[in-house]
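**Student:** Data file query.txt (compact mmCIF, C-alpha atoms) is appended below.
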```txt
# COMPACT_ATOMS: atom_id res chain seq x y z
CA MET A 204 13.23 -66.22 -21.65
CA PRO A 205 10.01 -67.70 -20.20
CA PRO A 206 6.74 -66.20 -21.38
CA LEU A 207 5.52 -63.13 -19.58
CA SER A 208 2.36 -64.81 -18.31
CA ALA A 209 4.40 -67.54 -16.61
CA VAL A 210 6.63 -64.96 -14.90
CA ALA A 211 3.58 -63.00 -13.77
CA PHE A 212 1.86 -66.11 -12.49
CA LEU A 213 4.90 -67.28 -10.54
CA ALA A 214 5.53 -63.86 -9.02
CA LEU A 215 1.89 -63.43 -8.01
CA ALA A 216 1.65 -66.95 -6.61
CA ALA A 217 4.83 -66.39 -4.60
CA LEU A 218 3.50 -63.07 -3.30
CA THR A 219 0.17 -64.65 -2.35
CA LEU A 220 1.56 -67.71 -0.63
CA GLY A 221 4.46 -65.91 1.06
CA SER A 222 2.18 -63.26 2.49
CA ALA A 223 -0.30 -65.94 3.54
CA GLY A 224 2.49 -67.70 5.41
CA ILE A 225 3.30 -64.49 7.26
CA VAL A 226 -0.42 -64.01 8.04
CA ALA A 227 -0.76 -67.45 9.56
CA PHE A 228 2.60 -67.83 11.29
CA SER A 229 3.92 -64.40 12.27
CA LYS A 230 4.34 -63.82 15.98
CA ASN A 231 3.45 -60.17 15.60
CA ILE A 232 -0.20 -59.55 14.80
CA ILE A 233 0.55 -56.26 13.06
CA HIS A 234 2.82 -58.13 10.64
CA SER A 235 0.01 -60.64 10.09
CA THR A 236 -2.46 -57.90 9.27
CA LEU A 237 -0.14 -56.07 6.90
CA ALA A 238 0.85 -59.32 5.17
CA LEU A 239 -2.84 -59.89 4.50
CA LEU A 240 -2.54 -56.90 2.14
CA GLY A 241 0.03 -58.82 0.09
CA THR A 242 -2.24 -61.85 -0.12
CA PHE A 243 -5.22 -59.80 -1.28
CA MET A 244 -3.14 -57.97 -3.89
CA GLY A 245 -1.62 -61.24 -5.10
CA ILE A 246 -5.07 -62.78 -5.46
CA ALA A 247 -6.24 -59.70 -7.38
CA GLY A 248 -3.26 -60.10 -9.71
CA LEU A 249 -4.08 -63.75 -10.23
CA TYR A 250 -7.64 -62.71 -11.13
CA ILE A 251 -6.18 -60.41 -13.78
CA THR A 252 -4.11 -63.25 -15.24
CA LEU A 253 -7.39 -65.20 -15.38
CA SER A 254 -8.91 -62.25 -17.33
CA ALA A 255 -11.36 -61.44 -14.53
CA ASP A 256 -10.58 -57.74 -14.52
CA PHE A 257 -13.73 -56.43 -12.85
CA LEU A 258 -13.41 -59.02 -10.12
CA ALA A 259 -9.81 -57.93 -9.49
CA ALA A 260 -10.97 -54.34 -9.03
CA THR A 261 -13.72 -55.52 -6.68
CA GLN A 262 -11.21 -57.58 -4.73
CA ILE A 263 -9.03 -54.54 -4.13
CA LEU A 264 -11.98 -52.26 -3.32
CA VAL A 265 -13.80 -54.60 -0.94
CA TYR A 266 -10.97 -56.53 0.67
CA VAL A 267 -8.17 -53.97 0.82
CA GLY A 268 -10.42 -50.94 1.19
CA GLY A 269 -13.01 -52.46 3.48
CA THR A 270 -12.18 -55.71 5.20
CA LEU A 271 -8.49 -55.06 5.78
CA THR A 272 -9.14 -51.61 7.21
CA LEU A 273 -11.76 -53.09 9.51
CA ILE A 274 -9.39 -55.83 10.70
CA LEU A 275 -6.65 -53.24 11.26
CA PHE A 276 -9.04 -51.19 13.40
CA ALA A 277 -9.92 -54.25 15.46
CA VAL A 278 -6.24 -55.12 15.91
CA MET A 279 -5.45 -51.61 17.10
CA LEU A 280 -8.41 -51.65 19.48
CA THR A 281 -7.77 -55.00 21.12
CA SER A 282 -4.10 -55.97 21.05
CA ARG A 283 -1.22 -54.95 23.20
CA ILE A 284 1.03 -54.26 20.24
CA GLU A 285 4.20 -53.72 22.24
CA ASP A 286 3.69 -57.16 23.79
CA MET A 287 4.73 -59.22 20.76
CA LYS A 288 5.28 -62.51 22.51
CA VAL A 289 1.80 -62.71 23.99
CA SER A 290 -0.09 -61.05 21.18
CA ASN A 291 -0.25 -64.10 18.93
CA PRO A 292 0.17 -67.48 20.64
CA GLN A 293 -0.22 -70.87 18.99
CA THR A 294 -0.90 -74.43 20.13
CA GLY A 295 -1.85 -77.86 18.82
CA ILE A 296 0.80 -78.15 16.11
CA PRO A 297 0.81 -81.97 15.49
CA VAL A 298 -2.97 -82.25 15.12
CA ALA A 299 -3.11 -79.28 12.77
CA PHE A 300 -0.34 -80.57 10.54
CA GLY A 301 -1.80 -84.09 10.50
CA LEU A 302 -5.19 -82.83 9.37
CA THR A 303 -3.80 -80.48 6.75
CA THR A 304 -1.49 -83.14 5.32
CA VAL A 305 -4.52 -85.30 4.63
CA VAL A 306 -6.33 -82.38 3.01
CA LEU A 307 -3.24 -81.54 0.93
CA LEU A 308 -2.98 -85.12 -0.32
CA VAL A 309 -6.64 -85.22 -1.34
CA LEU A 310 -6.59 -81.82 -3.05
CA GLY A 311 -3.31 -82.54 -4.83
CA LYS A 312 -4.59 -85.90 -6.07
CA VAL A 313 -7.75 -84.30 -7.42
CA ALA A 314 -5.96 -81.35 -9.01
CA THR A 315 -3.32 -83.41 -10.77
CA GLY A 316 -5.31 -86.60 -11.41
CA THR A 317 -8.32 -85.11 -13.18
CA ALA A 318 -8.20 -84.45 -16.92
CA TRP A 319 -9.06 -80.73 -16.98
CA PRO A 320 -9.82 -79.14 -20.33
CA SER A 321 -6.50 -77.56 -21.25
CA GLU A 322 -7.61 -75.70 -24.37
CA ALA A 323 -6.82 -72.01 -23.91
CA LYS A 324 -9.77 -69.89 -24.96
CA ALA A 325 -9.73 -66.30 -26.04
CA ALA A 326 -10.08 -63.84 -23.20
CA VAL A 327 -13.40 -62.03 -23.18
CA PRO A 328 -14.08 -58.75 -21.35
CA SER A 329 -16.25 -59.78 -18.45
CA THR A 330 -17.63 -56.53 -17.04
CA ALA A 331 -20.57 -56.08 -19.41
CA LYS A 332 -21.53 -59.74 -19.19
CA LEU A 333 -21.41 -59.61 -15.39
CA GLY A 334 -23.64 -56.55 -15.34
CA HIS A 335 -26.20 -58.21 -17.57
CA ALA A 336 -26.09 -61.38 -15.48
CA PHE A 337 -26.54 -59.49 -12.21
CA LEU A 338 -29.53 -57.52 -13.51
CA GLY A 339 -31.02 -60.47 -15.35
CA GLU A 340 -30.53 -64.06 -14.36
CA PHE A 341 -29.10 -63.34 -10.89
CA LEU A 342 -31.30 -60.40 -9.93
CA LEU A 343 -32.96 -62.09 -6.95
CA PRO A 344 -29.71 -63.30 -5.31
CA PHE A 345 -28.24 -59.85 -5.93
CA GLU A 346 -31.07 -58.15 -4.04
CA VAL A 347 -31.02 -60.77 -1.27
CA GLY A 348 -27.28 -60.10 -0.96
CA SER A 349 -27.93 -56.42 -0.35
CA VAL A 350 -30.45 -57.31 2.38
CA VAL A 351 -27.84 -59.58 3.96
CA LEU A 352 -25.30 -56.76 3.92
CA LEU A 353 -27.78 -54.39 5.54
CA ALA A 354 -28.58 -56.94 8.25
CA ALA A 355 -24.88 -57.54 8.88
CA MET A 356 -24.26 -53.80 9.13
CA ILE A 357 -27.02 -53.31 11.71
CA GLY A 358 -25.89 -56.41 13.59
CA ALA A 359 -22.29 -55.21 13.71
CA VAL A 360 -23.35 -51.83 15.05
CA VAL A 361 -25.53 -53.43 17.73
CA LEU A 362 -22.79 -55.86 18.75
CA ALA A 363 -19.92 -53.42 18.81
CA ARG A 364 -21.46 -50.46 20.59
CA ARG A 365 -21.08 -50.08 24.31
CA ALA A 366 -24.10 -50.85 26.47
CA VAL A 367 -25.92 -47.59 26.97
CA LYS A 368 -27.42 -46.81 30.34
CA ARG A 369 -30.71 -45.15 29.58
CA THR A 370 -31.99 -42.58 32.01
CA TRP A 371 -35.31 -44.30 32.56
CA GLU A 372 -33.58 -47.57 33.48
CA LYS A 373 -31.85 -46.12 36.51
CA GLU A 374 -34.81 -45.90 38.84
CA MET R 56 -3.03 -65.54 -22.47
CA THR R 57 -3.72 -68.61 -20.37
CA SER R 58 -0.60 -70.51 -21.12
CA ILE R 59 -0.73 -71.36 -17.42
CA PRO R 60 -2.61 -74.65 -17.03
CA LEU R 61 -5.60 -74.80 -14.73
CA GLU R 62 -3.83 -77.21 -12.39
CA TYR R 63 -1.33 -74.56 -11.31
CA TYR R 64 -4.07 -72.23 -10.16
CA LEU R 65 -5.74 -75.11 -8.34
CA ILE R 66 -2.50 -75.99 -6.59
CA VAL R 67 -1.89 -72.38 -5.55
CA ALA R 68 -5.46 -72.20 -4.24
CA ALA R 69 -5.08 -75.49 -2.38
CA ALA R 70 -1.82 -74.31 -0.79
CA LEU R 71 -3.46 -71.04 0.21
CA PHE R 72 -6.39 -72.94 1.69
CA LEU R 73 -4.00 -75.12 3.68
CA VAL R 74 -2.09 -72.13 5.01
CA GLY R 75 -5.40 -70.70 6.14
CA THR R 76 -6.41 -74.00 7.72
CA VAL R 77 -3.13 -74.38 9.59
CA GLY R 78 -3.38 -70.80 10.79
CA PHE R 79 -6.95 -71.36 11.92
CA LEU R 80 -6.04 -74.53 13.81
CA LEU R 81 -2.80 -73.29 15.35
CA ARG R 82 -3.58 -69.76 16.38
CA ARG R 83 -5.25 -68.72 19.58
CA ASN R 84 -5.85 -65.11 18.62
CA LEU R 85 -9.39 -64.44 17.43
CA LEU R 86 -8.26 -61.81 14.95
CA VAL R 87 -5.78 -64.19 13.33
CA LEU R 88 -8.55 -66.78 13.15
CA LEU R 89 -10.67 -64.28 11.21
CA MET R 90 -7.74 -63.52 8.92
CA SER R 91 -7.23 -67.25 8.32
CA ILE R 92 -10.90 -67.56 7.37
CA GLU R 93 -10.36 -64.74 4.88
CA LEU R 94 -7.40 -66.66 3.42
CA MET R 95 -9.54 -69.77 2.98
CA LEU R 96 -12.37 -67.79 1.37
CA ASN R 97 -9.90 -66.18 -1.01
CA SER R 98 -8.49 -69.55 -2.03
CA VAL R 99 -11.99 -70.81 -2.81
CA ASN R 100 -12.64 -67.66 -4.84
CA LEU R 101 -9.45 -68.28 -6.79
CA THR R 102 -10.59 -71.82 -7.56
CA LEU R 103 -13.98 -70.58 -8.79
CA VAL R 104 -12.42 -67.94 -11.04
CA ALA R 105 -9.91 -70.45 -12.40
CA TYR R 106 -12.72 -72.83 -13.36
CA ASN R 107 -14.60 -69.93 -14.89
CA ARG R 108 -11.58 -69.26 -17.12
CA VAL R 109 -11.98 -72.71 -18.64
CA HIS R 110 -15.77 -72.52 -19.01
CA THR R 111 -16.11 -69.06 -20.49
CA GLU R 112 -19.60 -69.51 -21.93
CA SER R 113 -21.22 -68.34 -18.68
CA HIS R 114 -19.80 -66.20 -15.89
CA ALA R 115 -21.39 -68.21 -13.09
CA GLY R 116 -18.03 -68.75 -11.36
CA GLN R 117 -17.22 -65.06 -11.20
CA ILE R 118 -20.77 -64.22 -10.09
CA PHE R 119 -20.53 -66.77 -7.32
CA THR R 120 -17.23 -65.19 -6.32
CA PHE R 121 -18.97 -61.83 -6.01
CA PHE R 122 -21.47 -63.33 -3.61
CA VAL R 123 -18.67 -64.95 -1.62
CA ILE R 124 -16.91 -61.58 -1.38
CA ALA R 125 -20.13 -59.92 -0.19
CA ILE R 126 -20.76 -62.57 2.44
CA ALA R 127 -17.10 -62.42 3.51
CA ALA R 128 -17.43 -58.67 4.05
CA ALA R 129 -20.55 -59.23 6.17
CA GLU R 130 -18.78 -62.00 8.06
CA ALA R 131 -15.80 -59.77 8.76
CA ALA R 132 -17.99 -56.96 10.06
CA VAL R 133 -20.04 -59.17 12.37
CA GLY R 134 -17.01 -61.25 13.42
CA LEU R 135 -14.97 -58.22 14.35
CA ALA R 136 -17.91 -56.79 16.25
CA ILE R 137 -18.13 -60.04 18.19
CA VAL R 138 -14.38 -59.91 18.87
CA LEU R 139 -14.70 -56.35 20.17
CA ALA R 140 -17.64 -57.30 22.40
CA PHE R 141 -15.71 -60.32 23.68
CA PHE R 142 -12.67 -58.14 24.35
CA ARG R 143 -14.84 -55.73 26.29
CA VAL R 144 -16.09 -58.53 28.54
CA ARG R 145 -12.91 -60.60 29.03
CA LYS R 146 -10.11 -58.10 28.25
CA THR R 147 -8.45 -60.61 25.91
CA VAL R 148 -8.76 -61.88 22.33
CA ARG R 149 -7.50 -65.40 22.98
CA SER R 150 -9.96 -67.97 21.68
CA ASP R 151 -9.27 -70.44 24.49
CA GLU R 152 -10.31 -67.82 27.04
CA ALA R 153 -13.84 -68.14 25.66
CA ASP R 154 -14.74 -70.99 28.02
CA LEU R 155 -17.85 -69.62 29.69
CA LEU R 156 -19.99 -72.55 28.54
CA ARG R 157 -17.42 -75.17 29.48
CA ASN R 158 -17.86 -75.08 33.24
```
Could you write out this file's structure as structure tokens?

**Tutor:**
Amino acid sequence: MPPLSAVAFLALAALTLGSAGIVAFSKNIIHSTLALLGTFMGIAGLYITLSADFLAATQILVYVGGTLTLILFAVMLTSRIEDMKVSNPQTGIPVAFGLTTVVLLVLGKVATGTAWPSEAKAAVPSTAKLGHAFLGEFLLPFEVGSVVLLAAMIGAVVLARRAVKRTWEKE
Amino acid sequence: MTSIPLEYYLIVAAALFLVGTVGFLLRRNLLVLLMSIELMLNSVNLTLVAYNRVHTESHAGQIFTFFVIAIAAAEAAVGLAIVLAFFRVRKTVRSDEADLLRN
């Protein structure tokens, strides 16, 4: 019987990568969007196995609750869903696979060739430490991040709304 | 708990990044391109958190991941707004239909 953490890691990695494959290669864009849910949940599970519990909760709240819903809205608004063959075309296969093979070789060489510290340390609850870090050492980036989010929100509203004909522009 | 070596997380993250890259290069649907970008951002986040698990003295990796998540949310909102605006003009979401500057 393999240890529970190994089983959990393998299951979550399989969920993440399998769903990611569906996201990138499915002909139906609705399947792509729904498979993105599996990827986000798998990543959140991997965060938990890395004892980043607060980050896992954030991942589910922000990505599944926010980003995925937004993407689903955009898919529903723009795609002809019944038209599966046209909804998700692809081109340029040899170039893409050539480039990614090179990247895979480099990343695999780095990941396996470097002597990473393998000593397992005790898991520490991260939420309190993160809160102190955000309101102490990282206070300025935290506030700048909220300004960025506000700017993105306003920009998205301006971009996505329909052009309004104002009454005084007609004459 | 971490009987899983760091390399395994790195390899999963690298594979996820590659799936996102292939999707980004192959697809011609703007929404799938955005989803592929999300895949790549998630793989980078996974790498950061995995490194943070080894260096537990500070939580800089997890904090950086929070900022990446925030910027990714902003990017998704603005990107999808651009896709909607583009769809309103051209009635399509194919990225190779966006050739206004080519001619």

**Student:** I need the residue nearest chain A from this list: R:Phe72, R:Val144, R:Ala136, R:Glu93. Use all atoms listed in the file for the distance.

**Tutor:**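 Ranked by minimum distance to chain A, first place goes to R:Ala136.
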
**Student:** A:Gly248, A:Thr236, A:Phe243, A:Ala255: which is nearest Ala331 in chain A, counting all atoms listed in the file?

**Tutor:**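 Among the listed residues, the smallest separation from Ala331 in chain A belongs to A:Ala255.
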
**Student:** Which value, in Å to one decimal, gives the distance between CA of Leu302 in chain A and CA of Ala105 in chain R?

**Tutor:**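 Straight-line distance from CA of Leu302 in chain A to CA of Ala105 in chain R works out to 25.5 Å.
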
**Student:** Between CA of Ala70 in chain R and CA of Gly241 in chain A, what is the distance, to one decimal in Å?

**Tutor:**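 If I compute the distance from CA of Ala70 in chain R to CA of Gly241 in chain A, I get 15.6 Å.
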
**Student:** If you take all atoms listed in the file and a cut-off of 8 Å, which residues of chain R touch chain A, and what are their nearest atom pairs and distances in Å to one decimal, in chain and number order, as JSON lines?

**Tutor:**
```
{"residue": "R:Met56", "atom": "CA", "partner": "A:Ser208", "partner_atom": "CA", "distance": 6.8}
{"residue": "R:Thr57", "atom": "CA", "partner": "A:Ala323", "partner_atom": "CA", "distance": 5.8}
{"residue": "R:Ser58", "atom": "CA", "partner": "A:Ala323", "partner_atom": "CA", "distance": 7.0}
{"residue": "R:Ile59", "atom": "CA", "partner": "A:Ala209", "partner_atom": "CA", "distance": 6.4}
{"residue": "R:Pro60", "atom": "CA", "partner": "A:Ser321", "partner_atom": "CA", "distance": 6.4}
{"residue": "R:Leu61", "atom": "CA", "partner": "A:Ser321", "partner_atom": "CA", "distance": 7.1}
{"residue": "R:Glu62", "atom": "CA", "partner": "A:Ala314", "partner_atom": "CA", "distance": 5.8}
{"residue": "R:Leu65", "atom": "CA", "partner": "A:Ala314", "partner_atom": "CA", "distance": 6.3}
{"residue": "R:Ile66", "atom": "CA", "partner": "A:Ala314", "partner_atom": "CA", "distance": 6.8}
{"residue": "R:Val67", "atom": "CA", "partner": "A:Ala216", "partner_atom": "CA", "distance": 6.6}
{"residue": "R:Ala69", "atom": "CA", "partner": "A:Leu310", "partner_atom": "CA", "distance": 6.5}
{"residue": "R:Ala70", "atom": "CA", "partner": "A:Leu220", "partner_atom": "CA", "distance": 7.4}
{"residue": "R:Leu71", "atom": "CA", "partner": "A:Leu220", "partner_atom": "CA", "distance": 6.1}
{"residue": "R:Leu73", "atom": "CA", "partner": "A:Thr303", "partner_atom": "CA", "distance": 6.2}
{"residue": "R:Val74", "atom": "CA", "partner": "A:Gly224", "partner_atom": "CA", "distance": 6.4}
{"residue": "R:Gly75", "atom": "CA", "partner": "A:Ala227", "partner_atom": "CA", "distance": 6.6}
{"residue": "R:Thr76", "atom": "CA", "partner": "A:Thr303", "partner_atom": "CA", "distance": 7.1}
{"residue": "R:Val77", "atom": "CA", "partner": "A:Ala299", "partner_atom": "CA", "distance": 5.8}
{"residue": "R:Gly78", "atom": "CA", "partner": "A:Ala227", "partner_atom": "CA", "distance": 4.4}
{"residue": "R:Phe79", "atom": "CA", "partner": "A:Ala227", "partner_atom": "CA", "distance": 7.7}
{"residue": "R:Leu80", "atom": "CA", "partner": "A:Ala299", "partner_atom": "CA", "distance": 5.7}
{"residue": "R:Leu81", "atom": "CA", "partner": "A:Gln293", "partner_atom": "CA", "distance": 5.1}
{"residue": "R:Arg82", "atom": "CA", "partner": "A:Gln293", "partner_atom": "CA", "distance": 4.4}
{"residue": "R:Arg83", "atom": "CA", "partner": "A:Gln293", "partner_atom": "CA", "distance": 5.5}
{"residue": "R:Asn84", "atom": "CA", "partner": "A:Asn291", "partner_atom": "CA", "distance": 5.7}
{"residue": "R:Leu86", "atom": "CA", "partner": "A:Val278", "partner_atom": "CA", "distance": 7.1}
{"residue": "R:Val87", "atom": "CA", "partner": "A:Ala227", "partner_atom": "CA", "distance": 7.1}
{"residue": "R:Met90", "atom": "CA", "partner": "A:Val226", "partner_atom": "CA", "distance": 7.4}
{"residue": "R:Ser91", "atom": "CA", "partner": "A:Ala227", "partner_atom": "CA", "distance": 6.6}
{"residue": "R:Leu94", "atom": "CA", "partner": "A:Ala223", "partner_atom": "CA", "distance": 7.1}
{"residue": "R:Asn97", "atom": "CA", "partner": "A:Ile246", "partner_atom": "CA", "distance": 7.4}
{"residue": "R:Leu101", "atom": "CA", "partner": "A:Ile246", "partner_atom": "CA", "distance": 7.2}
{"residue": "R:Val104", "atom": "CA", "partner": "A:Tyr250", "partner_atom": "CA", "distance": 7.1}
{"residue": "R:Ala105", "atom": "CA", "partner": "A:Leu253", "partner_atom": "CA", "distance": 6.5}
{"residue": "R:Arg108", "atom": "CA", "partner": "A:Leu253", "partner_atom": "CA", "distance": 6.1}
{"residue": "R:Val109", "atom": "CA", "partner": "A:Pro320", "partner_atom": "CA", "distance": 7.0}
{"residue": "R:Thr111", "atom": "CA", "partner": "A:Lys324", "partner_atom": "CA", "distance": 7.8}
{"residue": "R:His114", "atom": "CA", "partner": "A:Leu333", "partner_atom": "CA", "distance": 6.8}
{"residue": "R:Gln117", "atom": "CA", "partner": "A:Leu258", "partner_atom": "CA", "distance": 7.2}
{"residue": "R:Ile118", "atom": "CA", "partner": "A:Leu333", "partner_atom": "CA", "distance": 7.1}
{"residue": "R:Phe121", "atom": "CA", "partner": "A:Leu258", "partner_atom": "CA", "distance": 7.5}
{"residue": "R:Phe122", "atom": "CA", "partner": "A:Gly348", "partner_atom": "CA", "distance": 7.2}
{"residue": "R:Ile124", "atom": "CA", "partner": "A:Val265", "partner_atom": "CA", "distance": 7.7}
{"residue": "R:Ala125", "atom": "CA", "partner": "A:Gly348", "partner_atom": "CA", "distance": 7.2}
{"residue": "R:Ile126", "atom": "CA", "partner": "A:Leu352", "partner_atom": "CA", "distance": 7.5}
{"residue": "R:Ala128", "atom": "CA", "partner": "A:Thr270", "partner_atom": "CA", "distance": 6.1}
{"residue": "R:Ala129", "atom": "CA", "partner": "A:Ala355", "partner_atom": "CA", "distance": 5.4}
{"residue": "R:Glu130", "atom": "CA", "partner": "A:Ala355", "partner_atom": "CA", "distance": 7.6}
{"residue": "R:Ala131", "atom": "CA", "partner": "A:Thr270", "partner_atom": "CA", "distance": 6.5}
{"residue": "R:Ala132", "atom": "CA", "partner": "A:Ala359", "partner_atom": "CA", "distance": 5.9}
{"residue": "R:Val133", "atom": "CA", "partner": "A:Ala359", "partner_atom": "CA", "distance": 4.7}
{"residue": "R:Leu135", "atom": "CA", "partner": "A:Ala277", "partner_atom": "CA", "distance": 6.5}
{"residue": "R:Ala136", "atom": "CA", "partner": "A:Ala363", "partner_atom": "CA", "distance": 4.7}
{"residue": "R:Ile137", "atom": "CA", "partner": "A:Leu362", "partner_atom": "CA", "distance": 6.3}
{"residue": "R:Val138", "atom": "CA", "partner": "A:Ala277", "partner_atom": "CA", "distance": 8.0}
{"residue": "R:Leu139", "atom": "CA", "partner": "A:Ala363", "partner_atom": "CA", "distance": 6.1}
{"residue": "R:Ala140", "atom": "CA", "partner": "A:Ala363", "partner_atom": "CA", "distance": 5.8}
{"residue": "R:Phe142", "atom": "CA", "partner": "A:Thr281", "partner_atom": "CA", "distance": 6.7}
{"residue": "R:Thr147", "atom": "CA", "partner": "A:Thr281", "partner_atom": "CA", "distance": 7.4}
{"residue": "R:Val148", "atom": "CA", "partner": "A:Thr281", "partner_atom": "CA", "distance": 7.1}
```
